[in-house]
Amino acid sequence: MATPLYLTKNFKNPAAASYDGYVAGGGYAGLKKALSMAPADIIEEVKKANLRGRGGAGFPAGVKWGFLPKTDGPKYMCVNADEGEPGTFKDGPLMELDPHQMLEGIAIACYALDIHTAYVYIRGEFYKAYRAVENAIDECYAKGIFGKGMMGSSFALECRPHPGAGAYICGEETGLISSLEGKKGFPKLKPPFPAIKGLFGKPTIVNNVETLACVPHIMTLGAEAWAALGCEKNGGTKLYCVSGQISRPGLYELPHSVTLKELLYDHCGGPLPGRTIKAVIPGGSSAKILKAPDEIDVRMDFDSLGKAGSMLGSAAVIVMDDSTSLVRALDNLLRFYAHESCGQCTPCREGTRWISKLIHDIADGRGESGDLDKILDILTNMVGNTICVLADAAAFPAESFIKKFRPEFEEYVRRGKRMSITGWKEEAPVIGAGAH
Amino acid sequence: MSLITPELRARFDILVAYYPPDQRQAAVIPLLHLMQEKGGQGFLTAEAQAAVADYLGVPVVKVQEVVSFYTMLSEKKRGKNHLMVCHTLPCELTGCEGVMASVNKRLGLKGGEVSPDGKFSVEEVECLARCGEGPVMQVGERVFTHLTPESVLKAIDDMEKVS
């Protein structure tokens with residue numbers, strides 16, 4: 001049976017990008033319902049719906065909302081639309097194809113939290129998404145959603161788009177706040193958490209695009225029905241981004257309870273012809289790698305993947321088959337983190353570059369047998385020693401690639417020549433072939 | 001201040017009003033984008049950065065450090081078509097190396113160079129968030145997906161004709 005769609009139901013209906021088209025499909029009914037409720041009851045609904053933050057951390061959204069002090073004075077909503085975790089491509093389409101769904105979520109959240117100013121921080125390269133959101137915001141002002149008197153109520157909300165300018169670190173919530181303040185995107189020490197001291201030093205909630213896009217559906221369906229679409233503690237349907245060596249890569253909206261194996265084989269058509277899946281990164285490049293087939297029969301929710309020693313993160317599934325050289329794949333990822341480290345903390349600035357250089361030397365055929373242990377040793381000085389988790393995000397793939405696939409890494413060092421990223425199967429002798 | 005034309009100033013005024021009056025610096029990135037796109041140069045000269053700082057009433061170093069931090073803000077001239085070729089893992093798994101080799105052979109530009117006719121410059125960039133459609137290249141607002149070493153040449157030819 002096909003999964004009923006919520007978050008992507010308008011994706012094939014271009015008219016839904018406009019206010020009238022969105023309303024024709026039942027849009028803004030969730031906001032209307034929310035405005036008839038007490039703000040505290042909305043927060044309770046979101047808690048009961050088991051909505052987990054979909055930017056990567058999976059923190060319960062309703063609980064996060066509950067941290068915002070109920071004080072007078074300015075408070076802010078910052079929407080994290082700075083999508084950039086390698087493998088992730090869900091927030092762009094959510095804004096380009098159905099911007100009002102996210103805006104309705106913003107309106108409901110701000111009403112529930114008594115926030116009167118919201119900024120949508122949109123990745124700089126997302127020109128189309130920026131324009132779609134900007135147009136939709138203009139429509140909302142014209143139709144009485146934003147501005148004074150939301151839908152005829154006494155609630156006022158200003159909502160504005162804000163472009164980024166190309167920096168992965170601004171997807172980290174305190175880096176995003178620094179960037180919105182017009183500074184370098186340096187993350188800030190927590191505590192104080194943004195809910196207490198965020199944008200312009202005021203209480204701030206930072207929510208991901210997909211998280212907010214779920215909120216209207218929680219209002220219209222009810223918390224129990226939304227929770228029931230998923231599994232324990234992980235409510236609703238979820239957007240999964242599948243890329244790499246797979247028959248049908250793409251964006252899939254599925255119940256949170258789907259397993260990685262079902263996602264890859266039942267929905268994405270399995271491996272490319274003649275290949276077998278070797279390894280999968282289940283939640284964006286910062287997640288620990290999983291071995292196939294042994295470790296992929298795992299549910300794609302935040303808790304199950306955590307128990308499996310990895311994380312759901314941004315639900316970006318990167319598939320690598322038996323043709324892939326994992327040395328070259330890790331070389332690629334570590335170059336990314338070395339490039340994107342903001343340079344603020346020494347263990348991250350130096351560590352990401354050092355491990356990237358060591359892996360790059362191995363990938364180029366200049367590696368030495370002690371390099372792998374040296375990398376593992378450097379990682380122990382990176383994890384947990386920095387302001388934000390970028391250092392950890394580089395260390396997790398590095399550690400898991402090397403520990404889980406050590407024979408392949410050692411074989412690559414022994415061969416001492418650069419290989420193509422998809423040439424491992426052809427170029428390398430089968431490990432252990434001489435043992436028979 | 002002549003760098004900020006009346007039209008540009010009118011748009012600056014609208015954007016600055018999005019932020020609290022005592023937080024004008026918040027508008028620096030939106031303004032720099034506009035300055036880079038509409039200021040006529042395609043990149044941010046020292047004078048352009050100073051003009052934005054002056055408009056916002058912040059020290060020029062606050063603008064300079066932002067320009068140097070963010071990859072989309074450029075202090076160097078770029079080609080009319082600035083080719084951003086993604087080389088992050090999902091694109092590398094689907095063949096971006098071949099695409100890049102093809103681009104390099106066709107244009108022959110070394111890191112950061114602009115072609116003599118001013119039409120092209122090339123940059124290998126990190127994840128463009130279109131990973132299901134790799135290899136991917138973005139040129140201004142246009143995104144090219146499922147590229148091959150051949151199809152990227154066709155795209156370059158088309159850009160050459162119209163620019």
# chains A, B, ... in the order shown; residues from 1 in each chain; ligands from 1
call {"tool": "interface_residues", "arguments": {"of": "chain B", "to": "chain A", "cutoff": "10 Å", "atoms": "only C-alpha atoms", "output": "PyMOL selection string"}}
result
chain B and resi 15+18-20+22-33+62-63+65-73+87-95+97+125-134+138-143
call {"tool": "residues_around", "arguments": {"residues": "Ile205 of chain A", "least_positions_apart": "3", "cutoff": "8 Å", "atoms": "only C-alpha atoms", "output": "mmCIF file with C-alpha atoms, in the first residue's frame"}}
result
data_model
loop_
_atom_site.group_PDB
_atom_site.id
_atom_site.type_symbol
_atom_site.label_atom_id
_atom_site.label_comp_id
_atom_site.auth_asym_id
_atom_site.auth_seq_id
_atom_site.Cartn_x
_atom_site.Cartn_y
_atom_site.Cartn_z
ATOM 1 C CA LYS A 64 12.480 22.753 22.873
ATOM 2 C CA TRP A 65 9.560 25.163 22.567
ATOM 3 C CA LEU A 68 11.427 29.523 25.836
ATOM 4 C CA TYR A 76 12.670 35.423 17.914
ATOM 5 C CA MET A 77 12.003 32.468 15.667
ATOM 6 C CA CYS A 78 14.905 31.576 13.355
ATOM 7 C CA PRO A 194 19.399 30.079 22.231
ATOM 8 C CA ALA A 195 16.049 29.662 24.011
ATOM 9 C CA GLY A 198 19.849 33.778 21.132
#
call {"tool": "select_by_dssp", "arguments": {"residues": "segment 48-157 of chain B", "states": "strand (DSSP E or B)", "output": "compact mmCIF listing (two decimals) with N, CA, C and O atoms, in the first residue's frame"}}
result
# COMPACT_ATOMS: atom_id res chain seq x y z
N ASN B 81 29.85 33.75 -16.42
CA ASN B 81 29.31 32.45 -15.99
C ASN B 81 30.31 31.83 -15.01
O ASN B 81 31.37 31.37 -15.41
N HIS B 82 29.96 31.86 -13.74
CA HIS B 82 30.84 31.28 -12.73
C HIS B 82 30.35 29.85 -12.46
O HIS B 82 29.31 29.65 -11.84
N LEU B 83 31.12 28.89 -12.98
CA LEU B 83 30.69 27.49 -12.89
C LEU B 83 31.05 26.92 -11.52
O LEU B 83 32.23 26.79 -11.19
N MET B 84 30.05 26.57 -10.75
CA MET B 84 30.28 25.93 -9.45
C MET B 84 29.98 24.44 -9.61
O MET B 84 28.82 24.04 -9.73
N VAL B 85 31.05 23.63 -9.65
CA VAL B 85 30.89 22.19 -9.85
C VAL B 85 31.01 21.52 -8.48
O VAL B 85 32.02 21.65 -7.80
N CYS B 86 29.96 20.78 -8.10
CA CYS B 86 29.98 20.12 -6.79
C CYS B 86 30.92 18.93 -6.82
O CYS B 86 30.93 18.16 -7.77
N VAL B 114 39.88 33.79 -14.75
CA VAL B 114 38.74 34.12 -15.59
C VAL B 114 39.20 33.99 -17.04
O VAL B 114 40.32 34.39 -17.38
N PHE B 120 33.92 33.04 -18.52
CA PHE B 120 33.88 31.87 -17.63
C PHE B 120 34.89 31.93 -16.49
O PHE B 120 36.00 32.45 -16.66
N SER B 121 34.49 31.41 -15.37
CA SER B 121 35.42 31.03 -14.32
C SER B 121 34.85 29.75 -13.69
O SER B 121 33.67 29.45 -13.86
N VAL B 122 35.72 29.00 -13.02
CA VAL B 122 35.33 27.68 -12.51
C VAL B 122 35.73 27.55 -11.05
O VAL B 122 36.79 28.01 -10.65
N GLU B 123 34.85 26.93 -10.27
CA GLU B 123 35.17 26.68 -8.86
C GLU B 123 34.59 25.31 -8.48
O GLU B 123 33.43 25.03 -8.78
N GLU B 124 35.41 24.48 -7.87
CA GLU B 124 34.87 23.23 -7.32
C GLU B 124 34.31 23.57 -5.95
O GLU B 124 35.02 24.14 -5.11
N VAL B 125 33.06 23.26 -5.72
CA VAL B 125 32.42 23.66 -4.47
C VAL B 125 31.95 22.44 -3.69
O VAL B 125 31.84 21.34 -4.24
N MET B 137 26.00 20.88 -11.16
CA MET B 137 26.73 22.14 -11.32
C MET B 137 25.73 23.29 -11.23
O MET B 137 24.62 23.19 -11.75
N GLN B 138 26.13 24.35 -10.53
CA GLN B 138 25.26 25.53 -10.45
C GLN B 138 25.99 26.72 -11.08
O GLN B 138 27.17 26.96 -10.83
N VAL B 139 25.26 27.44 -11.94
CA VAL B 139 25.82 28.64 -12.58
C VAL B 139 24.81 29.76 -12.33
O VAL B 139 23.73 29.76 -12.93
N ARG B 142 21.03 28.91 -12.20
CA ARG B 142 20.71 27.68 -12.94
C ARG B 142 21.45 26.48 -12.35
O ARG B 142 22.64 26.56 -12.06
N VAL B 143 20.72 25.39 -12.21
CA VAL B 143 21.31 24.16 -11.68
C VAL B 143 21.26 23.09 -12.77
O VAL B 143 20.20 22.84 -13.34
N PHE B 144 22.41 22.51 -13.09
CA PHE B 144 22.49 21.44 -14.08
C PHE B 144 22.66 20.13 -13.33
O PHE B 144 23.54 20.01 -12.47
call {"tool": "atom_distance", "arguments": {"atom1": "atom CA of Lys105 of chain B", "atom2": "atom CA of Thr148 of chain B"}}
result
13.9 Å
call {"tool": "residues_around", "arguments": {"residues": "segment 21-36 of chain A", "least_positions_apart": "4", "cutoff": "6 Å", "atoms": "only C-alpha atoms", "output": "number ranges by chain"}}
result
A: 15-16, 108, 216, 219-220
call {"tool": "select_by_dssp", "arguments": {"residues": "segment 70-162 of chain B", "states": "alpha helix (DSSP H)", "output": "list in words"}}
result
Leu89, Pro90, Cys91, Glu92, Leu93, Cys96, Glu97, Gly98, Val99, Met100, Ala101, Ser102, Val103, Asn104, Lys105, Arg106, Leu107, Ser151, Val152, Leu153, Lys154, Ala155, Ile156, Asp157, Asp158, Met159, Glu160, Lys161 and Val162 of chain B
call {"tool": "closest_residue", "arguments": {"among": "A:Ile289, A:Leu103, A:Ile218, A:Val280", "to": "Leu263 of chain A", "atoms": "only C-alpha atoms"}}
result
A:Val280
call {"tool": "residues_around", "arguments": {"residues": "Glu96 of chain A", "least_positions_apart": "2", "cutoff": "12 Å", "atoms": "only C-alpha atoms", "output": "number ranges by chain"}}
result
A: 8, 10-18, 81, 89-94, 98-102, 122, 126-136, 209
call {"tool": "write_last_selection", "arguments": {"atoms": "N, CA, C and O atoms", "output": "CSV table (one decimal), in the first residue's frame"}}
result
chain,number,residue,atom,x,y,z
A,8,THR,N,5.0,16.1,1.3
A,8,THR,CA,5.2,16.2,-0.1
A,8,THR,C,4.0,16.1,-1.0
A,8,THR,O,4.1,16.0,-2.2
A,10,ASN,N,1.9,18.2,-2.0
A,10,ASN,CA,1.8,19.3,-3.0
A,10,ASN,C,2.9,19.3,-4.0
A,10,ASN,O,2.9,20.2,-4.9
A,11,PHE,N,3.9,18.4,-3.9
A,11,PHE,CA,5.1,18.6,-4.8
A,11,PHE,C,4.8,18.5,-6.3
A,11,PHE,O,5.5,19.0,-7.1
A,12,LYS,N,3.7,17.8,-6.6
A,12,LYS,CA,3.4,17.6,-8.1
A,12,LYS,C,2.3,18.6,-8.5
A,12,LYS,O,1.7,18.5,-9.6
A,13,ASN,N,2.0,19.5,-7.6
A,13,ASN,CA,0.9,20.5,-7.9
A,13,ASN,C,1.5,21.9,-7.9
A,13,ASN,O,1.5,22.6,-6.8
A,14,PRO,N,2.0,22.4,-9.0
A,14,PRO,CA,2.6,23.7,-9.1
A,14,PRO,C,1.8,24.9,-8.5
A,14,PRO,O,2.3,25.8,-7.9
A,15,ALA,N,0.4,24.7,-8.6
A,15,ALA,CA,-0.5,25.8,-8.1
A,15,ALA,C,-0.3,26.0,-6.6
A,15,ALA,O,-0.6,27.1,-6.1
A,16,ALA,N,0.1,24.9,-5.9
A,16,ALA,CA,0.1,25.0,-4.4
A,16,ALA,C,1.2,25.9,-3.9
A,16,ALA,O,1.2,26.3,-2.7
A,17,ALA,N,2.1,26.3,-4.8
A,17,ALA,CA,3.1,27.3,-4.4
A,17,ALA,C,2.5,28.7,-4.1
A,17,ALA,O,3.2,29.5,-3.4
A,18,SER,N,1.4,28.9,-4.7
A,18,SER,CA,0.7,30.2,-4.4
A,18,SER,C,-0.3,30.1,-3.2
A,18,SER,O,-0.7,29.0,-2.9
A,81,ALA,N,17.1,27.2,7.3
A,81,ALA,CA,16.9,26.7,6.0
A,81,ALA,C,18.3,26.8,5.3
A,81,ALA,O,18.4,27.0,4.1
A,89,PHE,N,18.8,16.8,0.8
A,89,PHE,CA,18.2,17.7,-0.2
A,89,PHE,C,16.7,17.7,0.0
A,89,PHE,O,15.9,17.3,-0.9
A,90,LYS,N,16.2,18.0,1.2
A,90,LYS,CA,14.8,18.0,1.5
A,90,LYS,C,14.2,19.4,1.7
A,90,LYS,O,13.1,19.7,1.3
A,91,ASP,N,15.0,20.3,2.4
A,91,ASP,CA,14.5,21.6,2.8
A,91,ASP,C,14.3,22.5,1.5
A,91,ASP,O,13.4,23.3,1.4
A,92,GLY,N,15.3,22.3,0.6
A,92,GLY,CA,15.2,23.1,-0.7
A,92,GLY,C,13.8,22.8,-1.4
A,92,GLY,O,13.1,23.8,-1.6
A,93,PRO,N,13.5,21.6,-1.7
A,93,PRO,CA,12.2,21.3,-2.3
A,93,PRO,C,11.0,21.7,-1.4
A,93,PRO,O,10.0,22.2,-2.0
A,94,LEU,N,11.1,21.6,-0.1
A,94,LEU,CA,10.0,22.0,0.7
A,94,LEU,C,9.7,23.5,0.6
A,94,LEU,O,8.6,23.9,0.6
A,98,ASP,N,6.5,24.1,-2.0
A,98,ASP,CA,5.3,24.3,-1.1
A,98,ASP,C,5.7,25.2,0.0
A,98,ASP,O,5.6,24.9,1.2
A,99,PRO,N,6.1,26.5,-0.3
A,99,PRO,CA,6.6,27.4,0.7
A,99,PRO,C,5.5,27.7,1.8
A,99,PRO,O,5.9,28.0,3.0
A,100,HIS,N,4.2,27.7,1.4
A,100,HIS,CA,3.2,28.1,2.4
A,100,HIS,C,3.1,27.1,3.6
A,100,HIS,O,2.7,27.4,4.7
A,101,GLN,N,3.4,25.8,3.3
A,101,GLN,CA,3.4,24.8,4.3
A,101,GLN,C,4.3,25.1,5.4
A,101,GLN,O,4.0,25.1,6.6
A,102,MET,N,5.6,25.6,5.1
A,102,MET,CA,6.5,26.0,6.1
A,102,MET,C,6.1,27.3,6.8
A,102,MET,O,6.1,27.4,8.0
A,122,ILE,N,17.9,31.4,4.8
A,122,ILE,CA,17.9,30.5,3.6
A,122,ILE,C,19.3,30.4,3.0
A,122,ILE,O,20.0,31.4,2.7
A,126,PHE,N,20.5,28.9,-2.7
A,126,PHE,CA,19.1,28.5,-3.0
A,126,PHE,C,18.3,29.7,-3.5
A,126,PHE,O,17.3,30.2,-2.9
A,127,TYR,N,18.6,30.2,-4.7
A,127,TYR,CA,18.0,31.3,-5.3
A,127,TYR,C,16.5,31.1,-5.5
A,127,TYR,O,15.6,31.9,-5.2
A,128,LYS,N,16.1,29.9,-6.1
A,128,LYS,CA,14.7,29.6,-6.4
A,128,LYS,C,13.9,29.5,-5.1
A,128,LYS,O,12.8,30.0,-5.0
A,129,ALA,N,14.5,28.8,-4.1
A,129,ALA,CA,13.8,28.7,-2.8
A,129,ALA,C,13.6,30.0,-2.2
A,129,ALA,O,12.5,30.3,-1.6
A,130,TYR,N,14.6,30.9,-2.3
A,130,TYR,CA,14.5,32.2,-1.6
A,130,TYR,C,13.4,33.0,-2.3
A,130,TYR,O,12.6,33.6,-1.6
A,131,ARG,N,13.3,32.9,-3.6
A,131,ARG,CA,12.3,33.7,-4.3
A,131,ARG,C,10.9,33.1,-4.0
A,131,ARG,O,9.9,33.9,-3.8
A,132,ALA,N,10.8,31.8,-3.9
A,132,ALA,CA,9.5,31.2,-3.6
A,132,ALA,C,9.0,31.6,-2.2
A,132,ALA,O,7.9,31.9,-2.0
A,133,VAL,N,10.0,31.6,-1.3
A,133,VAL,CA,9.6,31.9,0.1
A,133,VAL,C,9.3,33.4,0.2
A,133,VAL,O,8.3,33.9,0.8
A,134,GLU,N,10.1,34.3,-0.5
A,134,GLU,CA,9.9,35.7,-0.5
A,134,GLU,C,8.5,36.0,-1.1
A,134,GLU,O,7.7,36.8,-0.5
A,135,ASN,N,8.1,35.4,-2.2
A,135,ASN,CA,6.8,35.6,-2.8
A,135,ASN,C,5.7,35.2,-1.9
A,135,ASN,O,4.7,35.9,-1.7
A,136,ALA,N,5.9,34.0,-1.3
A,136,ALA,CA,4.8,33.5,-0.4
A,136,ALA,C,4.7,34.4,0.9
A,136,ALA,O,3.6,34.6,1.4
A,209,VAL,N,13.4,23.6,8.7
A,209,VAL,CA,12.3,23.8,7.7
A,209,VAL,C,11.3,22.6,7.8
A,209,VAL,O,10.1,22.8,8.0
call {"tool": "residues_around", "arguments": {"residues": "segment 385-391 of chain A", "least_positions_apart": "5", "cutoff": "7 Å", "atoms": "only C-alpha atoms", "output": "list in words"}}
result
Pro187, Lys188, Leu189, Ser341, Cys345, Pro347, Cys348 and Thr352 of chain A
call {"tool": "residues_around", "arguments": {"residues": "Lys77 of chain B", "least_positions_apart": "4", "cutoff": "8 Å", "atoms": "only C-alpha atoms", "output": "list in words"}}
result
Gln41, Gly42, Phe43 and Val114 of chain B
call {"tool": "closest_residue", "arguments": {"among": "B:Lys38, B:Val103, B:Pro21, B:Pro149", "to": "Leu8 of chain B", "atoms": "only C-alpha atoms"}}
result
B:Lys38
